[in-house]
Amino acid sequence: MALFKSSKTKNQRRQKAPSAFIPWRFGVICGCIFLALAALIGRAAYIQVLEPGRLIQEGDLRSLRVKAMPSARGIISDRNGEQLAVSVPVQAVWADPVQIYKNGGMQQVERWHALADVLGLDRQELLARLEKYQKRRFVYLARQVSPAMADYVSKLKLPGIGLKDESRRFYPSGEVSAHLIGVTGIDGHGLEGVERTYDGWLTGEPGRRTVRKDRYGRVVENISLQKREPGKPLELSIDQRIQAVAYRTMKEAIVNLPATSASLVLADVNTGEILAMVNAPSFNPNNRNDRQSYKMRNRVITDSFEPGSTVKPFGVLEAMESGIVDESTLIKIPGRRLRVGSNYVSDVSRIEKEATVGRILQKSSNIGMTKLSLAMPIEDLIEMYQRVGFDEPSGINLVGEAVGLFPNRRRWSDIERATFAYGYGLSVTPIQLVHVYATLGAKGLKRPLSILKTEKVVPGKQVIDPKLVEEVLTMIESVTDKAGGGGGWRARVPGYRVGVKTGTAKKAIAGGYGDDYIAYTAGVAPISKPRLAMVVMVNEPKGEQYYGGAVAAPIFAEVMQSALQILNVPPDADTIDKMNIVNK
């Protein structure tokens, strides 16, 4: 009995053993699970309700792709529709180094060498470059390659190598119009000339195609398509026929003289349109290796020099306007040298002891101009120069145009007044000089110059009495009279009455003047009814002849003759004879 009783007691003890379930622990665990669930639900609610765009953005970054569709740059043409700058389709070759090494890297070396050869790259440099940027997703290998080269690259079927559509600027006129038209950069934006000045007008809006791709790069959805807008065309005032003649003449001249450089600009006096703008030497805009800064500078608008005797007609105009002289007034010329203070003014050519202002212009007498200048207030001469436009931009609005240097001093010595009257003490650019001669040819009507073709005649401002201008035009016509001793007789054009003023100025250097010269010839034609104004500037002629009448005048004559014939301007050389017959 005792045995059974003892056994029962042990069973009872087993049944009364403490339970493994602890309520407070259970509650803590449930609470933690609830809090975690609440946090997840709250985070999901925050992302879905308060920040729904973030997930969309993250998804779009992984699946959306935008492909740019470049637009063609606007065509630049001359006044007759001849194309001077066009855009041709080309392609860029790019690489995805990550994709290349993911697909075996450079195992087929021969094909990679073929790629380097067709792109004109060094084989080892190409391989080293891809290895250097193997963690990148996009690297340009070549830009603006021809369609034939692009087709060859695509046939190589190299992994990670792609093609991208581009356009490249091509200039059919080459070096003839290079300084005026300018060039574009690798990304298609203008760097110089008209290309830069009117970059916003010529540049179109590229198109955009947005698609969604899967992980294998396949297009699964077309999202949007924005059509491209091509650039607007631009029609210049240039006549490419005259431009070509002018460039050929200038190029031959700097070789035959020889000379460092030469510039020419031709304008229509009735409209202010620039018909030709040429510099020599030039550069080939289609060859990027030929683009050196000294070749690319458009000297017609950027380089300023003292104009020399080409300003003398405007000093005579002021003297006549002020009533100091008229066309028949005789001015005493005391020999070939005139003392002014402690300095001397001298003439190159002999002239009579008494000469009219017309004769002073014909013989380009510095002494005669000195006497005129000293007889009038210097403020009057300055005001005349300003009226015709020596101290202001020409109006063509090309980037890089300089305005020269115009004096602004309170006190003037006699020698400064004298030299100012024959072209020293101020500096102008060729475009400024042709502007004032266009004003002279327009009978004193000043209008801005334009590099764009104008549909309507731009109104001008009358700055000089037309009657006085006609008298001065007749005077500068006598400069081309060889029998009368005119220094610009080499500027004569058969069949046409031409008026010119030649000039020769020493080049200024630090502390004074050097041994180099600038030779000018500026003028208008035909005198009976002026149509064209032209300026020729020859920089540093190296031969024995360096005067404007000997160096620049023959260039003036050849180009002016061609221009008058191309524009069908009727000859007027016998106008005076016909008038005399009528009078009889």
# chains A, B, ... in the order shown; residues from 1 in each chain; ligands from 1
$ closest_atom_pairs --of "region 283-375 of chain A" --to "region 488-493 of chain A" --cutoff "10 Å" --atoms "only C-alpha atoms" --output "CSV"
residue,atom,partner,partner_atom,distance
A:Gln362,CA,A:Gly488,CA,8.3
A:Lys363,CA,A:Gly488,CA,9.3
A:Ser364,CA,A:Gly488,CA,9.8
$ select_by_dssp --residues "region 253-502 of chain A" --states "strand (DSSP E)" --output "PyMOL selection string"
chain A and resi 259-268+274-280+331-332+337-340+343-346+354-355+445-446+461-462+499-502
$ residues_around --residues "Leu141 (chain A)" --least-positions-apart "2" --cutoff "9 Å" --atoms "only C-alpha atoms" --output "compact mmCIF listing (two decimals) with all heavy atoms, in the first residue's frame"
# COMPACT_ATOMS: atom_id res chain seq x y z
N ALA A 92 28.01 59.44 -85.44
CA ALA A 92 29.06 59.33 -84.44
C ALA A 92 29.17 57.86 -84.01
O ALA A 92 28.16 57.15 -83.92
CB ALA A 92 28.75 60.20 -83.23
N VAL A 93 30.38 57.42 -83.76
CA VAL A 93 30.62 56.05 -83.29
C VAL A 93 30.89 56.11 -81.79
O VAL A 93 31.78 56.85 -81.34
CB VAL A 93 31.82 55.42 -84.02
CG1 VAL A 93 32.04 53.99 -83.54
CG2 VAL A 93 31.60 55.44 -85.53
N TRP A 94 30.12 55.35 -81.01
CA TRP A 94 30.29 55.36 -79.57
C TRP A 94 30.42 53.93 -79.06
O TRP A 94 30.11 52.96 -79.76
CB TRP A 94 29.11 56.04 -78.88
CG TRP A 94 27.76 55.43 -79.17
CD1 TRP A 94 26.94 55.72 -80.21
CD2 TRP A 94 27.10 54.41 -78.41
NE1 TRP A 94 25.81 54.96 -80.17
CE2 TRP A 94 25.88 54.14 -79.06
CE3 TRP A 94 27.42 53.70 -77.26
CZ2 TRP A 94 24.98 53.19 -78.58
CZ3 TRP A 94 26.52 52.76 -76.77
CH2 TRP A 94 25.32 52.52 -77.43
N ALA A 95 30.91 53.81 -77.83
CA ALA A 95 31.13 52.49 -77.23
C ALA A 95 30.50 52.43 -75.84
O ALA A 95 30.44 53.44 -75.14
CB ALA A 95 32.62 52.20 -77.15
N LEU A 119 38.52 54.20 -88.34
CA LEU A 119 38.28 55.48 -87.67
C LEU A 119 39.53 56.34 -87.62
O LEU A 119 39.48 57.47 -87.12
CB LEU A 119 37.76 55.24 -86.24
CG LEU A 119 36.42 54.52 -86.11
CD1 LEU A 119 36.04 54.36 -84.65
CD2 LEU A 119 35.32 55.27 -86.86
N LEU A 121 42.27 55.72 -85.87
CA LEU A 121 42.80 55.75 -84.51
C LEU A 121 43.94 54.76 -84.38
O LEU A 121 44.03 53.77 -85.13
CB LEU A 121 41.69 55.40 -83.50
CG LEU A 121 40.42 56.25 -83.55
CD1 LEU A 121 39.39 55.70 -82.58
CD2 LEU A 121 40.74 57.70 -83.21
N LEU A 126 43.24 52.75 -78.84
CA LEU A 126 41.82 52.42 -78.76
C LEU A 126 41.56 51.36 -77.70
O LEU A 126 40.66 51.49 -76.86
CB LEU A 126 41.31 51.96 -80.12
CG LEU A 126 39.88 51.43 -80.16
CD1 LEU A 126 38.90 52.52 -79.78
CD2 LEU A 126 39.54 50.86 -81.53
N VAL A 139 31.03 56.13 -74.27
CA VAL A 139 32.29 56.80 -74.62
C VAL A 139 32.28 57.05 -76.13
O VAL A 139 32.05 56.12 -76.92
CB VAL A 139 33.52 55.94 -74.25
CG1 VAL A 139 34.80 56.64 -74.73
CG2 VAL A 139 33.58 55.70 -72.77
N ARG A 143 33.56 61.28 -84.02
CA ARG A 143 32.40 62.14 -84.32
C ARG A 143 32.37 62.46 -85.79
O ARG A 143 33.40 62.58 -86.45
CB ARG A 143 32.47 63.44 -83.52
CG ARG A 143 32.55 63.28 -82.01
CD ARG A 143 31.25 62.82 -81.40
NE ARG A 143 30.16 63.72 -81.69
CZ ARG A 143 29.86 64.81 -80.94
NH1 ARG A 143 30.61 65.11 -79.89
NH2 ARG A 143 28.83 65.57 -81.25
$ closest_residue --among "A:Gln292, A:Thr310, A:Pro377, A:Ile451" --to "Met277 (chain A)" --atoms "only C-alpha atoms"
A:Ile451
$ residues_around --residues "region 313-322 of chain A" --least-positions-apart "5" --cutoff "9 Å" --atoms "only C-alpha atoms" --output "list in words"
Glu327, Val357, Gly358, Leu361, Met369, Leu372, Ser373, Ala375, Met376, Asp380, Leu381, Glu383, Met384, Tyr385, Val388, Ala421, Tyr422, Leu440, Ile464, Asp465, Leu468, Val469, Val472, Leu473, Met475, Ile476 and Lys501 of chain A
$ closest_residue --among "A:Lys132, A:Lys529, A:Arg336, A:Lys232" --to "Ser77 (chain A)" --atoms "only C-alpha atoms"
A:Lys232
$ closest_residue --among "A:Ala244, A:Arg65, A:Gly484, A:Tyr344" --to "Arg215 (chain A)" --atoms "only C-alpha atoms"
A:Arg65
$ residues_around --residues "region 197-206 of chain A" --least-positions-apart "3" --cutoff "10 Å" --atoms "only C-alpha atoms" --output "PyMOL selection string"
chain A and resi 68-76+181-182+184+188-194+226-234+397-400
$ write_last_selection --atoms "N, CA, C and O atoms" --output "compact mmCIF listing (two decimals), in the first residue's frame"
# COMPACT_ATOMS: atom_id res chain seq x y z
N ALA A 68 17.42 61.21 -78.95
CA ALA A 68 17.40 62.52 -79.61
C ALA A 68 17.47 62.35 -81.12
O ALA A 68 18.23 61.52 -81.63
N MET A 69 16.70 63.17 -81.81
CA MET A 69 16.71 63.17 -83.27
C MET A 69 17.18 64.54 -83.74
O MET A 69 16.41 65.50 -83.75
N PRO A 70 18.48 64.65 -84.06
CA PRO A 70 19.03 65.97 -84.40
C PRO A 70 18.36 66.57 -85.63
O PRO A 70 18.03 65.86 -86.57
N SER A 71 18.20 67.89 -85.59
CA SER A 71 17.60 68.59 -86.73
C SER A 71 18.69 69.24 -87.57
O SER A 71 19.78 69.53 -87.09
N ALA A 72 18.39 69.46 -88.82
CA ALA A 72 19.36 70.05 -89.74
C ALA A 72 19.49 71.55 -89.48
O ALA A 72 18.50 72.24 -89.23
N ARG A 73 20.71 72.04 -89.53
CA ARG A 73 20.97 73.47 -89.39
C ARG A 73 20.53 74.18 -90.66
O ARG A 73 20.60 73.63 -91.76
N GLY A 74 20.08 75.42 -90.51
CA GLY A 74 19.58 76.17 -91.65
C GLY A 74 20.64 76.40 -92.71
O GLY A 74 21.83 76.57 -92.42
N ILE A 75 20.21 76.44 -93.96
CA ILE A 75 21.12 76.67 -95.10
C ILE A 75 21.45 78.16 -95.20
O ILE A 75 20.57 79.01 -95.07
N ILE A 76 22.72 78.45 -95.45
CA ILE A 76 23.15 79.82 -95.72
C ILE A 76 23.40 79.93 -97.22
O ILE A 76 24.13 79.11 -97.80
N ILE A 181 31.49 83.54 -93.70
CA ILE A 181 30.55 82.52 -93.26
C ILE A 181 30.93 81.99 -91.89
O ILE A 181 30.07 81.74 -91.04
N GLY A 182 32.22 81.79 -91.63
CA GLY A 182 32.66 81.22 -90.36
C GLY A 182 32.56 79.72 -90.35
O GLY A 182 32.44 79.07 -91.39
N THR A 184 31.37 76.05 -87.70
CA THR A 184 30.67 75.53 -86.52
C THR A 184 31.58 74.56 -85.78
O THR A 184 32.54 74.03 -86.33
N GLY A 188 27.85 71.45 -83.59
CA GLY A 188 26.95 72.10 -84.53
C GLY A 188 26.59 73.53 -84.21
O GLY A 188 25.68 74.09 -84.83
N HIS A 189 27.27 74.18 -83.28
CA HIS A 189 26.99 75.59 -82.96
C HIS A 189 28.07 76.48 -83.56
O HIS A 189 29.25 76.11 -83.61
N GLY A 190 27.66 77.68 -84.00
CA GLY A 190 28.58 78.58 -84.68
C GLY A 190 29.71 79.06 -83.79
O GLY A 190 29.50 79.40 -82.62
N LEU A 191 30.91 79.12 -84.38
CA LEU A 191 32.09 79.61 -83.66
C LEU A 191 32.58 80.94 -84.20
O LEU A 191 33.12 81.75 -83.44
N GLU A 192 32.41 81.19 -85.48
CA GLU A 192 32.90 82.41 -86.10
C GLU A 192 31.92 82.89 -87.16
O GLU A 192 31.07 82.13 -87.64
N GLY A 193 32.07 84.17 -87.55
CA GLY A 193 31.35 84.73 -88.68
C GLY A 193 29.83 84.68 -88.56
O GLY A 193 29.26 84.78 -87.47
N VAL A 194 29.20 84.54 -89.73
CA VAL A 194 27.74 84.49 -89.78
C VAL A 194 27.20 83.30 -88.98
O VAL A 194 26.15 83.39 -88.34
N GLN A 226 8.31 63.78 -80.15
CA GLN A 226 8.35 65.23 -80.40
C GLN A 226 9.06 65.49 -81.71
O GLN A 226 10.23 65.17 -81.88
N LYS A 227 8.35 66.05 -82.67
CA LYS A 227 8.90 66.26 -84.00
C LYS A 227 10.01 67.30 -83.96
O LYS A 227 9.97 68.26 -83.19
N ARG A 228 11.01 67.10 -84.80
CA ARG A 228 12.12 68.04 -84.88
C ARG A 228 11.77 69.20 -85.81
O ARG A 228 11.05 69.03 -86.80
N GLU A 229 12.31 70.37 -85.50
CA GLU A 229 12.09 71.56 -86.31
C GLU A 229 13.43 71.98 -86.91
O GLU A 229 14.36 72.31 -86.18
N PRO A 230 13.56 71.95 -88.23
CA PRO A 230 14.84 72.33 -88.85
C PRO A 230 15.14 73.81 -88.65
O PRO A 230 14.24 74.63 -88.42
N GLY A 231 16.43 74.16 -88.74
CA GLY A 231 16.82 75.56 -88.62
C GLY A 231 16.32 76.39 -89.78
O GLY A 231 16.06 75.87 -90.87
N LYS A 232 16.20 77.67 -89.56
CA LYS A 232 15.69 78.58 -90.58
C LYS A 232 16.81 78.94 -91.57
O LYS A 232 17.96 79.14 -91.17
N PRO A 233 16.49 79.04 -92.85
CA PRO A 233 17.52 79.43 -93.84
C PRO A 233 17.88 80.90 -93.70
O PRO A 233 17.10 81.71 -93.18
N LEU A 234 19.07 81.25 -94.18
CA LEU A 234 19.56 82.62 -94.09
C LEU A 234 20.09 83.02 -95.46
O LEU A 234 20.93 82.34 -96.04
N ASN A 397 26.63 94.11 -87.77
CA ASN A 397 26.36 93.33 -86.55
C ASN A 397 27.04 91.96 -86.52
O ASN A 397 26.52 91.03 -85.90
N LEU A 398 28.16 91.81 -87.18
CA LEU A 398 28.91 90.56 -87.07
C LEU A 398 29.69 90.54 -85.77
O LEU A 398 30.27 91.56 -85.37
N VAL A 399 29.71 89.38 -85.13
CA VAL A 399 30.47 89.23 -83.89
C VAL A 399 31.95 89.48 -84.15
O VAL A 399 32.52 88.97 -85.11
N GLY A 400 32.56 90.30 -83.32
CA GLY A 400 33.98 90.59 -83.46
C GLY A 400 34.27 91.91 -84.15
O GLY A 400 35.45 92.27 -84.28
$ select_by_dssp --residues "region 421-555 of chain A" --states "alpha helix (DSSP H)" --output "NGL selection string"
:A and (421 or 430-441 or 466-477 or 548-551 or 553-555)
$ closest_residue --among "A:Thr329, A:Ser173, A:Thr419, A:Ser365" --to "Ser282 (chain A)" --atoms "only C-alpha atoms"
A:Ser173
$ atom_distance --atom1 "CA of Arg339 (chain A)" --atom2 "CA of Ile367 (chain A)"
9.5 Å
$ atom_distance --atom1 "CA of Arg43 (chain A)" --atom2 "CA of Arg25 (chain A)"
26.8 Å
$ atom_distance --atom1 "CA of Pro147 (chain A)" --atom2 "CA of Glu195 (chain A)"
24.5 Å
$ residues_around --residues "Gly105 (chain A)" --least-positions-apart "6" --cutoff "12 Å" --atoms "only C-alpha atoms" --output "PyMOL selection string"
chain A and resi 95-99+111-112+127+130-131+134+158-161
$ write_last_selection --atoms "N, CA, C and O atoms" --output "PDB file, in the first residue's frame"
ATOM      1  N   ALA A  95      30.906  53.807 -77.833  1.00  0.00           N
ATOM      2  CA  ALA A  95      31.131  52.490 -77.232  1.00  0.00           C
ATOM      3  C   ALA A  95      30.504  52.427 -75.844  1.00  0.00           C
ATOM      4  O   ALA A  95      30.445  53.443 -75.135  1.00  0.00           O
ATOM      5  N   ASP A  96      30.037  51.242 -75.478  1.00  0.00           N
ATOM      6  CA  ASP A  96      29.558  50.939 -74.125  1.00  0.00           C
ATOM      7  C   ASP A  96      30.540  49.932 -73.526  1.00  0.00           C
ATOM      8  O   ASP A  96      30.402  48.716 -73.708  1.00  0.00           O
ATOM      9  N   PRO A  97      31.603  50.393 -72.844  1.00  0.00           N
ATOM     10  CA  PRO A  97      32.621  49.479 -72.323  1.00  0.00           C
ATOM     11  C   PRO A  97      32.070  48.385 -71.419  1.00  0.00           C
ATOM     12  O   PRO A  97      32.580  47.253 -71.438  1.00  0.00           O
ATOM     13  N   VAL A  98      31.038  48.690 -70.621  1.00  0.00           N
ATOM     14  CA  VAL A  98      30.455  47.665 -69.752  1.00  0.00           C
ATOM     15  C   VAL A  98      29.914  46.511 -70.593  1.00  0.00           C
ATOM     16  O   VAL A  98      30.154  45.325 -70.300  1.00  0.00           O
ATOM     17  N   GLN A  99      29.198  46.849 -71.664  1.00  0.00           N
ATOM     18  CA  GLN A  99      28.637  45.830 -72.533  1.00  0.00           C
ATOM     19  C   GLN A  99      29.738  45.076 -73.278  1.00  0.00           C
ATOM     20  O   GLN A  99      29.640  43.867 -73.522  1.00  0.00           O
ATOM     21  N   ARG A 111      39.123  42.264 -85.256  1.00  0.00           N
ATOM     22  CA  ARG A 111      37.962  43.112 -85.559  1.00  0.00           C
ATOM     23  C   ARG A 111      38.100  44.474 -84.882  1.00  0.00           C
ATOM     24  O   ARG A 111      37.699  45.508 -85.434  1.00  0.00           O
ATOM     25  N   TRP A 112      38.684  44.489 -83.686  1.00  0.00           N
ATOM     26  CA  TRP A 112      38.899  45.770 -83.013  1.00  0.00           C
ATOM     27  C   TRP A 112      39.986  46.573 -83.719  1.00  0.00           C
ATOM     28  O   TRP A 112      39.912  47.806 -83.793  1.00  0.00           O
ATOM     29  N   LEU A 127      42.351  50.288 -77.717  1.00  0.00           N
ATOM     30  CA  LEU A 127      42.164  49.216 -76.742  1.00  0.00           C
ATOM     31  C   LEU A 127      42.437  49.707 -75.324  1.00  0.00           C
ATOM     32  O   LEU A 127      41.707  49.359 -74.385  1.00  0.00           O
ATOM     33  N   LEU A 130      39.418  51.869 -74.087  1.00  0.00           N
ATOM     34  CA  LEU A 130      38.258  51.066 -73.677  1.00  0.00           C
ATOM     35  C   LEU A 130      38.518  50.373 -72.341  1.00  0.00           C
ATOM     36  O   LEU A 130      37.617  50.261 -71.505  1.00  0.00           O
ATOM     37  N   GLU A 131      39.753  49.921 -72.143  1.00  0.00           N
ATOM     38  CA  GLU A 131      40.074  49.263 -70.875  1.00  0.00           C
ATOM     39  C   GLU A 131      40.066  50.267 -69.726  1.00  0.00           C
ATOM     40  O   GLU A 131      39.643  49.945 -68.607  1.00  0.00           O
ATOM     41  N   GLN A 134      36.347  50.967 -68.692  1.00  0.00           N
ATOM     42  CA  GLN A 134      35.516  49.773 -68.801  1.00  0.00           C
ATOM     43  C   GLN A 134      34.301  49.790 -67.884  1.00  0.00           C
ATOM     44  O   GLN A 134      33.407  48.960 -68.040  1.00  0.00           O
ATOM     45  N   LEU A 158      30.484  44.522 -83.718  1.00  0.00           N
ATOM     46  CA  LEU A 158      31.198  44.433 -82.452  1.00  0.00           C
ATOM     47  C   LEU A 158      30.243  44.689 -81.302  1.00  0.00           C
ATOM     48  O   LEU A 158      29.434  45.629 -81.365  1.00  0.00           O
ATOM     49  N   PRO A 159      30.293  43.911 -80.240  1.00  0.00           N
ATOM     50  CA  PRO A 159      29.389  44.129 -79.100  1.00  0.00           C
ATOM     51  C   PRO A 159      29.735  45.440 -78.394  1.00  0.00           C
ATOM     52  O   PRO A 159      30.902  45.780 -78.200  1.00  0.00           O
ATOM     53  N   GLY A 160      28.706  46.199 -78.023  1.00  0.00           N
ATOM     54  CA  GLY A 160      28.912  47.449 -77.303  1.00  0.00           C
ATOM     55  C   GLY A 160      29.293  48.623 -78.167  1.00  0.00           C
ATOM     56  O   GLY A 160      29.589  49.705 -77.638  1.00  0.00           O
ATOM     57  N   ILE A 161      29.302  48.471 -79.488  1.00  0.00           N
ATOM     58  CA  ILE A 161      29.622  49.579 -80.399  1.00  0.00           C
ATOM     59  C   ILE A 161      28.340  50.015 -81.084  1.00  0.00           C
ATOM     60  O   ILE A 161      27.614  49.206 -81.660  1.00  0.00           O
TER      61      ILE A 161
END
